[in-house]
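Structure below is my_file06.csv: CSV, C-alpha atoms and all ligand atoms.
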```csv
chain,number,residue,atom,x,y,z
E,1,MET,CA,-24.9,-8.0,12.8
E,2,LYS,CA,-21.7,-7.3,14.7
E,3,GLN,CA,-21.6,-10.9,15.9
E,4,ILE,CA,-22.0,-12.2,12.4
E,5,ALA,CA,-19.2,-9.8,11.2
E,6,ALA,CA,-16.9,-11.2,14.0
E,7,THR,CA,-17.8,-14.8,12.9
E,8,LEU,CA,-16.8,-13.9,9.4
E,9,GLY,CA,-13.3,-13.0,10.7
E,10,LEU,CA,-13.8,-9.2,10.5
E,11,ASP,CA,-11.9,-7.4,13.2
E,12,ASP,CA,-14.4,-4.5,13.7
E,13,CYS,CA,-17.7,-3.4,12.4
E,14,ARG,CA,-19.3,0.0,13.0
E,15,ILE,CA,-22.2,2.0,11.8
E,16,ALA,CA,-22.7,5.6,10.7
E,17,ALA,CA,-26.0,7.2,10.0
E,18,VAL,CA,-26.2,9.0,6.6
E,19,THR,CA,-27.8,12.4,6.7
E,20,GLY,CA,-25.7,14.3,4.2
E,21,PRO,CA,-22.4,14.1,2.2
E,22,ALA,CA,-19.1,12.8,3.5
E,23,ALA,CA,-17.4,15.1,6.0
E,24,HIS,CA,-14.5,16.0,3.7
E,25,ALA,CA,-16.3,16.1,0.4
E,26,GLU,CA,-15.1,19.6,-0.4
E,27,GLN,CA,-11.5,18.9,0.5
E,28,TYR,CA,-11.6,15.8,-1.8
E,29,GLN,CA,-12.9,18.0,-4.6
E,30,GLN,CA,-10.1,20.6,-4.0
E,31,TRP,CA,-7.5,17.8,-4.0
E,32,ILE,CA,-8.8,16.5,-7.4
E,33,ASP,CA,-9.0,20.0,-8.8
E,34,ALA,CA,-5.3,20.6,-7.9
E,35,GLY,CA,-4.4,17.4,-9.7
E,36,GLU,CA,-2.8,15.9,-6.6
E,37,HIS,CA,-4.3,12.5,-7.6
E,38,GLY,CA,-1.8,12.3,-10.5
E,39,GLU,CA,-2.6,9.4,-12.9
E,40,MET,CA,-5.3,8.0,-10.7
E,41,ASP,CA,-8.1,9.0,-13.0
E,42,TRP,CA,-10.6,6.6,-11.3
E,43,MET,CA,-10.4,8.9,-8.2
E,44,ALA,CA,-11.8,11.8,-10.2
E,45,LYS,CA,-14.6,9.8,-11.8
E,46,ASN,CA,-18.1,10.2,-10.5
E,47,PRO,CA,-17.1,12.9,-7.9
E,48,ASN,CA,-20.7,13.4,-6.8
E,49,ARG,CA,-21.2,9.7,-6.1
E,50,ARG,CA,-18.0,9.7,-4.2
E,51,LYS,CA,-18.9,12.7,-2.1
E,52,ASP,CA,-22.4,11.7,-1.3
E,53,PRO,CA,-23.5,8.1,-0.9
E,54,ARG,CA,-27.1,9.2,-1.5
E,55,GLU,CA,-26.1,9.6,-5.2
E,56,VAL,CA,-25.3,5.9,-5.2
E,57,LEU,CA,-28.2,4.5,-3.1
E,58,PRO,CA,-31.0,7.2,-2.9
E,59,SER,CA,-32.8,5.5,0.1
E,60,ILE,CA,-29.6,4.9,2.0
E,61,ARG,CA,-29.9,5.2,5.8
E,62,SER,CA,-26.5,3.8,7.1
E,63,VAL,CA,-22.9,3.1,6.1
E,64,ILE,CA,-21.5,0.0,7.7
E,65,THR,CA,-17.7,0.1,7.9
E,66,VAL,CA,-15.7,-3.1,8.6
E,67,ALA,CA,-12.0,-3.5,9.4
E,68,LEU,CA,-9.8,-6.5,8.5
E,69,ASN,CA,-6.4,-6.7,10.2
E,70,TYR,CA,-3.6,-7.7,7.8
E,71,TYR,CA,-0.6,-7.2,10.2
E,72,GLN,CA,2.2,-9.8,9.9
E,73,ALA,CA,5.5,-9.8,11.9
E,74,GLU,CA,8.7,-8.9,10.0
E,75,PRO,CA,10.3,-12.1,8.5
E,76,PRO,CA,13.9,-12.8,9.4
E,77,PRO,CA,16.7,-11.3,7.2
E,78,LEU,CA,17.8,-13.0,4.0
E,79,SER,CA,20.4,-15.7,4.7
E,80,PRO,CA,23.5,-15.6,2.5
E,81,THR,CA,23.8,-19.3,2.9
E,82,LEU,CA,20.4,-20.1,1.3
E,83,PRO,CA,20.4,-20.7,-2.4
E,84,SER,CA,18.7,-17.9,-4.4
E,85,PRO,CA,15.1,-19.1,-5.2
E,86,ALA,CA,15.3,-17.7,-8.7
E,87,GLY,CA,18.7,-19.2,-9.4
E,88,SER,CA,20.4,-15.8,-9.8
E,89,GLY,CA,23.2,-16.8,-7.6
E,90,PRO,CA,23.9,-16.4,-3.9
E,91,VAL,CA,23.3,-12.9,-2.6
E,92,PRO,CA,26.7,-11.5,-1.5
E,93,SER,CA,27.0,-9.9,1.8
E,94,ALA,CA,29.7,-7.8,3.4
E,95,PRO,CA,30.7,-8.4,7.0
E,96,GLY,CA,28.2,-7.0,9.3
E,97,LEU,CA,25.6,-6.3,6.5
E,98,SER,CA,22.7,-8.6,5.7
E,99,PRO,CA,22.0,-9.4,2.1
E,100,LEU,CA,19.5,-6.9,0.9
E,101,ARG,CA,15.8,-7.8,0.6
E,102,GLY,CA,13.8,-5.0,-1.1
E,103,ARG,CA,10.9,-3.8,1.0
E,104,ILE,CA,7.3,-4.7,0.0
E,105,ALA,CA,4.4,-2.9,1.7
E,106,ARG,CA,3.0,-5.2,4.3
E,107,TYR,CA,-0.5,-5.2,2.8
E,108,ALA,CA,1.0,-7.1,-0.2
E,109,TRP,CA,2.7,-9.9,1.8
E,110,GLY,CA,-0.2,-12.3,1.4
E,111,ASP,CA,-3.2,-12.8,-0.9
E,112,ASP,CA,-5.0,-9.9,-2.6
E,113,TYR,CA,-7.3,-8.3,0.0
E,114,HIS,CA,-9.9,-7.4,-2.6
E,115,GLU,CA,-10.9,-11.0,-3.0
E,116,VAL,CA,-10.8,-11.8,0.7
E,117,LEU,CA,-12.7,-8.8,1.9
E,118,ASP,CA,-15.2,-8.9,-0.9
E,119,GLY,CA,-16.2,-12.5,0.1
E,120,LYS,CA,-16.8,-11.5,3.7
E,121,LEU,CA,-18.8,-8.4,2.8
E,122,ARG,CA,-21.0,-10.5,0.4
E,123,ASP,CA,-21.8,-12.9,3.3
E,124,LEU,CA,-22.7,-9.9,5.5
E,125,CYS,CA,-24.9,-8.4,2.7
E,126,GLU,CA,-26.8,-11.7,2.4
E,127,TRP,CA,-27.8,-11.4,6.1
E,128,LEU,CA,-28.7,-7.7,5.6
E,129,GLU,CA,-30.9,-8.7,2.7
E,130,ASP,CA,-32.8,-11.2,4.8
E,131,GLN,CA,-33.5,-8.3,7.2
E,132,GLY,CA,-35.1,-6.4,4.3
E,133,GLY,CA,-32.2,-4.1,3.3
E,134,ALA,CA,-30.9,-3.2,-0.1
E,135,GLN,CA,-27.1,-2.9,-0.2
E,136,ARG,CA,-24.0,-1.8,-2.1
E,137,LEU,CA,-20.6,-3.1,-1.0
E,138,TYR,CA,-17.1,-1.8,-1.5
E,139,ALA,CA,-13.8,-3.6,-0.8
E,140,ASP,CA,-11.7,-0.6,-2.0
E,141,THR,CA,-13.6,-1.0,-5.3
E,142,GLY,CA,-15.9,1.9,-5.6
E,143,PRO,CA,-16.6,5.6,-5.2
E,144,VAL,CA,-16.9,6.2,-1.5
E,145,LEU,CA,-14.8,8.4,0.9
E,146,GLU,CA,-14.3,5.5,3.2
E,147,ARG,CA,-12.2,7.1,5.9
E,148,ASP,CA,-14.8,9.8,6.5
E,149,TRP,CA,-17.4,7.1,7.1
E,150,ALA,CA,-15.0,5.1,9.2
E,151,SER,CA,-14.4,8.1,11.4
E,152,ALA,CA,-18.1,8.9,11.6
E,153,SER,CA,-18.8,5.4,12.8
E,154,GLY,CA,-16.1,5.5,15.5
E,155,LEU,CA,-13.8,3.0,13.7
E,156,GLY,CA,-10.8,5.0,14.6
E,157,TRP,CA,-9.8,8.4,13.4
E,158,ASN,CA,-8.1,9.9,10.4
E,159,GLY,CA,-4.4,10.2,11.3
E,160,LYS,CA,-2.1,13.0,10.1
E,161,SER,CA,-0.7,10.5,7.6
E,162,THR,CA,-4.3,10.3,6.2
E,163,ILE,CA,-4.3,6.7,7.2
E,164,GLN,CA,-7.1,5.5,9.4
E,165,ILE,CA,-5.9,4.7,13.0
E,166,HIS,CA,-7.8,2.1,15.1
E,167,PRO,CA,-7.1,2.4,18.9
E,168,ARG,CA,-6.6,-1.3,19.2
E,169,MET,CA,-5.2,-2.4,15.8
E,170,GLY,CA,-3.1,0.6,14.8
E,171,CYS,CA,-3.1,1.2,11.0
E,172,TYR,CA,-2.4,-2.2,9.4
E,173,PHE,CA,-5.9,-3.0,8.4
E,174,PHE,CA,-8.2,-2.9,5.4
E,175,LEU,CA,-11.5,-1.0,5.3
E,176,GLY,CA,-14.6,-2.2,3.6
E,177,GLU,CA,-18.1,-0.6,3.4
E,178,ILE,CA,-21.7,-1.6,3.0
E,179,LEU,CA,-24.2,1.1,2.1
E,180,THR,CA,-27.6,0.0,3.3
E,181,THR,CA,-31.2,1.2,3.2
E,182,LEU,CA,-31.6,-0.2,6.8
E,183,ALA,CA,-31.6,2.3,9.6
E,184,ILE,CA,-29.3,0.8,12.2
E,185,ALA,CA,-28.4,2.5,15.5
E,186,PRO,CA,-25.2,4.4,14.8
E,187,ASP,CA,-22.0,4.2,16.8
E,188,LYS,CA,-20.3,7.2,18.4
E,189,PRO,CA,-17.3,8.8,16.7
E,190,LEU,CA,-13.9,8.7,18.5
E,191,ALA,CA,-11.8,11.7,19.4
E,192,ASP,CA,-8.7,12.4,17.4
E,193,HIS,CA,-5.7,11.0,19.3
E,194,CYS,CA,-2.8,12.2,17.1
E,195,GLY,CA,-2.2,15.1,19.5
E,196,LYS,CA,1.1,16.9,18.9
E,197,CYS,CA,2.7,13.8,17.2
E,198,MET,CA,4.3,14.4,13.8
E,199,ARG,CA,6.1,11.1,13.4
E,200,CYS,CA,4.4,10.1,10.2
E,201,ILE,CA,5.1,13.4,8.6
E,202,ASN,CA,8.7,13.4,9.6
E,203,ALA,CA,9.2,9.8,8.4
E,204,CYS,CA,8.0,10.3,4.9
E,205,PRO,CA,10.9,9.9,2.5
E,206,THR,CA,9.6,12.2,-0.2
E,207,GLY,CA,7.7,14.9,1.7
E,208,ALA,CA,4.4,13.7,0.3
E,209,ILE,CA,2.5,14.6,3.5
E,210,THR,CA,2.5,18.3,2.7
E,211,SER,CA,0.5,19.2,5.8
E,212,PRO,CA,-1.4,17.1,8.4
E,213,ARG,CA,-4.0,15.0,6.6
E,214,HIS,CA,-2.9,16.1,3.2
E,215,VAL,CA,-0.9,13.9,0.8
E,216,ASP,CA,0.2,14.9,-2.6
E,217,ALA,CA,-0.1,11.5,-4.2
E,218,ARG,CA,2.4,12.5,-7.0
E,219,ARG,CA,5.2,12.6,-4.4
E,220,CYS,CA,4.1,9.4,-2.5
E,221,VAL,CA,6.2,6.3,-3.0
E,222,SER,CA,3.1,4.1,-2.9
E,223,TYR,CA,1.7,6.0,-5.8
E,224,LEU,CA,5.0,6.1,-7.7
E,225,THR,CA,5.6,2.4,-7.3
E,226,ILE,CA,2.1,1.0,-7.6
E,227,GLU,CA,-0.5,3.4,-9.0
E,228,SER,CA,1.7,5.2,-11.6
E,229,LYS,CA,2.4,3.3,-14.8
E,230,SER,CA,5.0,5.9,-16.0
E,231,ALA,CA,8.7,6.3,-15.5
E,232,ILE,CA,9.6,7.3,-11.9
E,233,PRO,CA,10.6,10.9,-12.0
E,234,LEU,CA,14.3,11.3,-11.6
E,235,GLU,CA,13.9,13.6,-8.6
E,236,PHE,CA,12.3,10.7,-6.6
E,237,ARG,CA,14.4,7.7,-7.7
E,238,ARG,CA,17.0,7.9,-5.0
E,239,ALA,CA,14.4,8.6,-2.3
E,240,ILE,CA,12.7,5.3,-3.4
E,241,GLY,CA,15.6,3.6,-1.6
E,242,ASP,CA,14.9,-0.2,-1.2
E,243,ARG,CA,11.1,0.1,-1.6
E,244,LEU,CA,10.2,-2.4,-4.3
E,245,TYR,CA,6.4,-2.1,-4.0
E,246,GLY,CA,4.6,0.6,-2.0
E,247,CYS,CA,5.8,2.2,1.2
E,248,ASP,CA,4.9,1.7,4.9
E,249,ASP,CA,7.0,4.4,6.4
E,250,CYS,CA,4.2,6.6,7.6
E,251,LEU,CA,2.4,3.6,9.0
E,252,ALA,CA,5.5,2.1,10.7
E,253,ALA,CA,6.2,5.4,12.4
E,254,CYS,CA,2.8,5.5,14.1
E,255,PRO,CA,2.9,4.8,17.8
E,256,TRP,CA,-0.6,3.3,17.8
E,257,ASN,CA,0.8,0.2,16.1
E,258,ARG,CA,2.2,-0.9,19.5
E,259,PHE,CA,-1.0,-2.9,20.0
E,260,ALA,CA,-0.9,-4.6,16.6
E,261,GLN,CA,-1.3,-8.3,16.5
E,262,ASP,CA,-0.8,-10.8,13.7
E,263,SER,CA,-3.8,-11.2,11.4
E,264,ARG,CA,-6.1,-14.1,12.0
E,265,GLU,CA,-6.7,-14.3,8.3
E,266,ALA,CA,-4.8,-17.3,6.8
E,267,ALA,CA,-4.9,-15.7,3.3
E,268,PHE,CA,-2.7,-12.8,4.5
E,269,ALA,CA,0.2,-15.1,5.7
E,270,THR,CA,3.5,-13.9,4.4
E,271,ARG,CA,4.5,-15.5,1.1
E,272,PRO,CA,8.0,-16.9,0.6
E,273,PHE,CA,9.0,-14.3,-2.0
E,274,VAL,CA,8.6,-11.6,0.6
E,275,ALA,CA,11.2,-13.2,2.9
E,276,GLN,CA,13.5,-15.0,0.4
E,277,TRP,CA,13.7,-13.1,-2.8
E,278,SER,CA,16.3,-10.4,-3.4
E,279,PRO,CA,15.9,-7.6,-6.0
E,280,ARG,CA,18.2,-9.5,-8.4
E,281,ASP,CA,16.0,-12.6,-8.2
E,282,PHE,CA,13.0,-10.5,-9.1
E,283,LEU,CA,14.9,-9.1,-12.1
E,284,THR,CA,14.9,-12.6,-13.7
E,285,LEU,CA,11.1,-12.7,-13.9
E,286,THR,CA,9.5,-13.3,-17.3
E,287,ASP,CA,5.9,-12.5,-18.1
E,288,ASP,CA,5.0,-16.1,-17.2
E,289,THR,CA,7.0,-16.4,-14.1
E,290,PHE,CA,5.8,-13.0,-12.9
E,291,ARG,CA,2.2,-14.2,-13.3
E,292,ASN,CA,2.9,-17.5,-11.5
E,293,LEU,CA,4.8,-15.9,-8.6
E,294,PHE,CA,2.2,-13.3,-8.0
E,295,ARG,CA,-0.9,-15.3,-8.6
E,296,HIS,CA,-3.6,-14.0,-6.2
E,297,SER,CA,-1.2,-11.3,-5.0
E,298,PRO,CA,-2.0,-7.6,-5.3
E,299,ILE,CA,1.4,-7.2,-6.9
E,300,ARG,CA,0.1,-9.0,-10.0
E,301,ARG,CA,-2.1,-6.0,-10.7
E,302,ILE,CA,0.7,-3.7,-11.6
E,303,LYS,CA,2.1,-6.2,-14.2
E,304,ARG,CA,5.7,-7.0,-15.0
E,305,PRO,CA,6.9,-3.8,-16.6
E,306,ALA,CA,6.0,-1.6,-13.7
E,307,PHE,CA,7.3,-4.1,-11.1
E,308,LEU,CA,10.6,-4.4,-12.9
E,309,ARG,CA,10.8,-0.6,-13.2
E,310,ASN,CA,10.7,-0.7,-9.4
E,311,VAL,CA,13.2,-3.5,-9.1
E,312,CYS,CA,15.7,-1.6,-11.4
E,313,THR,CA,15.2,1.5,-9.3
E,314,VAL,CA,15.9,-0.4,-6.1
E,315,LEU,CA,19.0,-1.9,-7.6
E,316,GLY,CA,20.1,1.5,-8.8
E,317,ASN,CA,20.0,2.6,-5.1
E,318,THR,CA,21.3,-0.6,-3.4
E,319,GLY,CA,22.9,-2.7,-6.1
E,320,ILE,CA,26.6,-3.8,-6.4
E,321,ALA,CA,28.9,-4.7,-9.3
E,322,ALA,CA,27.5,-8.3,-9.3
E,323,ASP,CA,24.1,-6.9,-10.2
E,324,LEU,CA,25.4,-5.3,-13.4
E,325,PRO,CA,25.2,-8.3,-15.8
E,326,ALA,CA,21.5,-8.8,-15.0
E,327,LEU,CA,20.8,-5.1,-15.3
E,328,ARG,CA,22.6,-4.9,-18.6
E,329,MET,CA,20.3,-7.7,-19.9
E,330,ALA,CA,17.3,-5.8,-18.5
E,331,ALA,CA,18.5,-2.7,-20.4
E,332,ALA,CA,17.9,-4.6,-23.6
E,333,ASP,CA,14.3,-5.5,-22.5
E,334,PRO,CA,11.8,-4.7,-25.3
E,335,HIS,CA,9.7,-2.8,-22.8
E,336,PRO,CA,11.0,0.8,-22.7
E,337,LEU,CA,10.0,1.3,-19.0
E,338,ILE,CA,12.2,-1.6,-17.9
E,339,ALA,CA,15.1,-0.7,-20.3
E,340,GLU,CA,15.2,2.9,-19.2
E,341,HIS,CA,15.3,2.2,-15.5
E,342,ALA,CA,17.9,-0.5,-16.0
E,343,VAL,CA,20.1,1.9,-17.8
E,344,TRP,CA,19.7,4.4,-14.9
E,345,ALA,CA,20.5,1.7,-12.4
E,346,VAL,CA,23.7,0.7,-14.3
E,347,THR,CA,24.8,4.3,-14.3
E,348,GLU,CA,24.1,4.7,-10.6
E,349,ILE,CA,25.9,1.5,-9.6
E,350,THR,CA,28.9,2.2,-11.9
E,351,ALA,CA,29.3,5.7,-10.5
E,352,ARG,CA,29.0,4.5,-7.0
E,353,GLU,CA,31.5,1.7,-7.4
E,354,ALA,CA,33.9,4.1,-9.2
E,355,ASP,CA,33.6,6.6,-6.4
E,356,ALA,CA,34.3,4.0,-3.8
E,357,GLY,CA,37.0,2.4,-5.9
E,358,LYS,CA,35.5,-1.0,-5.1
E,359,ALA,CA,34.3,-2.2,-8.5
E,360,GLU,CA,36.2,-5.4,-8.1
E,361,ASN,CA,35.2,-5.9,-4.5
E,362,PRO,CA,31.5,-6.1,-4.3
E,363,GLN,CA,29.9,-4.9,-1.1
E,364,HIS,CA,26.5,-3.6,-0.4
E,365,PRO,CA,26.5,0.1,-0.1
E,366,GLN,CA,24.8,1.8,2.8
E,367,MET,CA,21.3,2.9,2.0
E,368,PRO,CA,21.0,6.4,0.7
E,369,PRO,CA,20.4,8.4,3.9
E,370,HIS,CA,16.9,9.4,4.7
E,371,ALA,CA,17.0,12.8,6.3
E,372,GLY,CA,15.5,12.8,9.8
E,373,THR,CA,12.9,15.1,8.5
E,374,GLY,CA,12.1,12.8,5.6
E,375,ARG,CA,12.4,15.8,3.2
E,376,PHE,CA,14.8,16.2,0.3
E,401,LIG,S1,5.6,7.7,4.1
E,401,LIG,FE1,5.5,6.6,2.2
E,401,LIG,S2,3.4,5.9,1.9
E,401,LIG,FE2,3.4,7.5,3.5
E,401,LIG,S3,3.0,9.4,2.4
E,401,LIG,FE3,5.2,9.2,2.5
E,401,LIG,S4,5.8,8.2,0.6
E,401,LIG,FE4,3.6,7.9,0.9
E,402,LIG,S1,2.3,8.9,13.6
E,402,LIG,FE1,1.4,10.3,15.1
E,402,LIG,S2,0.5,12.0,13.9
E,402,LIG,FE2,0.9,10.3,12.5
E,402,LIG,S3,-1.1,9.2,12.4
E,402,LIG,FE3,0.2,8.2,14.0
E,402,LIG,S4,-0.4,9.3,15.9
E,402,LIG,FE4,-1.1,10.5,14.2
```
Would you give me this structure, written as structure tokens?
Amino acid sequence: MKQIAATLGLDDCRIAAVTGPAAHAEQYQQWIDAGEHGEMDWMAKNPNRRKDPREVLPSIRSVITVALNYYQAEPPPLSPTLPSPAGSGPVPSAPGLSPLRGRIARYAWGDDYHEVLDGKLRDLCEWLEDQGGAQRLYADTGPVLERDWASASGLGWNGKSTIQIHPRMGCYFFLGEILTTLAIAPDKPLADHCGKCMRCINACPTGAITSPRHVDARRCVSYLTIESKSAIPLEFRRAIGDRLYGCDDCLAACPWNRFAQDSREAAFATRPFVAQWSPRDFLTLTDDTFRNLFRHSPIRRIKRPAFLRNVCTVLGNTGIAADLPALRMAAADPHPLIAEHAVWAVTEITAREADAGKAENPQHPQMPPHAGTGRF
């Protein structure tokens, strides 16, 4: 089975025996009860099924966990000499400063992983069916405490950031699971190798990792810019900085990424918009151009209003006087989420330019400082 998984392009495949609920079932319930999942109602649904896979597949014997590496190297900085792809004008740059490219979480640089991973898991399930098993598969699509089963199977350990760490791949990989009625020889769990390291906790820009292995999602930039469909609370807007979609800070801080290699999966190749589009370019997207640009991208899932909410927030933090006309147009957008964040961005830029006395001499400001501790 592991050979077939490797042939399918999966980067690791491990097995855990199922003899009871997931290891952190109670902590998960406490997290939900405290409301730390925010608007992610799906996380609170079917808690018993999520806590114990025997509630999903009563005759389950094993959980198979697979890993699919999505790491891609950083693209070169935006070039001020290249024409803007969306026709919003060249991106000005001050001497010594690169034109700003908003940051997009690495997992979203290529195609939507749900489709890619689901296909590979289905192929593996076909083979397991031939062996007489009954299966359920999840590509981040169902109620399963996936990191508990990954840890139980020896596919890395749960880092203090709550992200799964693989000793060879680091943390830029997707997890998928197959619940099966087949009894397969289990793999041995790995020891925790975080030691005294606190880098991920210190790197968090919003203090969302409130203690080792505990994230308050309501403070997390990934939640605020992807999962939440509401206005970004004012207390977090400046801390969003230049993060257009998601946040990789706690992943990027992890020393275990020193072994990370580019993904072998062609579908995860970095798309041109990641390398070439500035926030002002993204601000020109209509419903149609948004759907076209992000076809088969995970970004398409959050839809244009939430994405432009993020774009306005980033421009509020990093924009210059030249961004104001586009933002004033966005302030008249019929969608209140876009309009409100555009007004906020105009206010931020105007105040910053006035403070600097540079309203007629556009320059990119320095990024708002992230305290070394990552806390407010
Ligand atoms: S570093 Fe970013 S992704 Fe990680 S917990 Fe903090 S806000 Fe969330
Ligand atoms: S940054 Fe350090 S503490 Fe955080 S997950 Fe990586 S090794 Fe563990």
So that I can see what lies close to E:Ala306, please list as a list in words the residues with an atom at most 8 Å from it, counting all atoms listed in the file and leaving out residues fewer than 2 positions away in the same chain. Thr225, Ile226, Lys229, Ser230, Ile302, Lys303, Arg304, Leu308, Arg309, Asn310, Leu337 and Ile338 of chain E
Please return as an MDAnalysis selection string the residues found within 9 Å of ligand LIG 401 (chain E), counting all atoms listed in the file. chainID E and resid 105 161:163 200:210 214:217 219:224 240 246:253 374
Distance in Å - atom CA of E:Cys197 versus atom CA of E:Trp157: 14.1 Å
Have a look at E:Asn158, E:Thr318, E:Asn292, E:Thr286 and name the one nearest to ligand LIG 402 (chain E); count all atoms listed in the file. E:Asn158
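Atom pair atom CA of E:Phe273 / atom CA of E:Tyr245: separated by 12.6 Å.
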If we count all atoms listed in the file and set the cut-off at 8 Å, which residues sit around stretch 123-131 of chain E, ignoring sequence neighbours fewer than 6 positions away in its own chain? Please answer as a ChimeraX atom specification. /E:1,4-5,8,137,178
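With atom CA of E:His341 on one side and atom CA of E:Ile104 on the other, the separation reads 18.8 Å.
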Could you pull the residues within 10 Å of stretch 166-169 of chain E, counting all atoms listed in the file, minus those fewer than 3 positions along the same chain, as a list in words? Asp11, Asp12, Ala67, Leu68, Asn69, Tyr70, Tyr71, Ala150, Ser151, Gly154, Leu155, Gly156, Trp157, Asn158, Gly159, Ile163, Tyr172, Phe173, Leu190, His193, Trp256, Asn257, Arg258, Phe259, Ala260, Gln261, Asp262 and Ser263 of chain E
Can you work out which one of E:Pro21, E:Pro305, E:Pro189, E:Gly316 has the shortest atom-to-atom distance to E:Pro47, counting all atoms listed in the file?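 Using all atoms listed in the file, the shortest distance to E:Pro47 belongs to E:Pro21.
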Restricting the calculation to only C-alpha atoms and all ligand atoms: of E:Ser211, E:Ser153, E:Gln29, E:Asn48, which residue gets closest to ligand LIG 402 (chain E)?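 Ranked by minimum distance to ligand LIG 402 (chain E), first place goes to E:Ser211.
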Can you tell me which residues surround E:Ala330 at a distance of at most 10 Å, considering only C-alpha atoms, apart from same-chain residues fewer than 3 positions away, and format the answer as a PyMOL selection string? chain E and resi 283-284+308-309+312+324-327+333-335+338-343
Compile the contact shell of E:Asn317 as JSON, numbers by chain: residues with an atom at most 12 Å away, counting only C-alpha atoms, same-chain residues fewer than 5 positions apart removed. {"E": [100, 102, 236, 237, 238, 239, 240, 241, 242, 243, 244, 279, 310, 311, 312, 323, 341, 342, 344, 345, 346, 347, 348, 349, 350, 351, 352, 353, 364, 365, 366, 367, 368, 369]}
Measuring between all atoms listed in the file, which one of E:Ile165, E:Thr313, E:His114, E:Val274 shows the shortest distance to ligand LIG 402 (chain E)?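 For ligand LIG 402 (chain E), the nearest of the candidates is E:Ile165.
Checking E:Pro143, E:Pro212, E:Gly119, E:Gly38 one by one against ligand LIG 402 (chain E), counting only C-alpha atoms and all ligand atoms, you find the shortest gap at E:Pro212.
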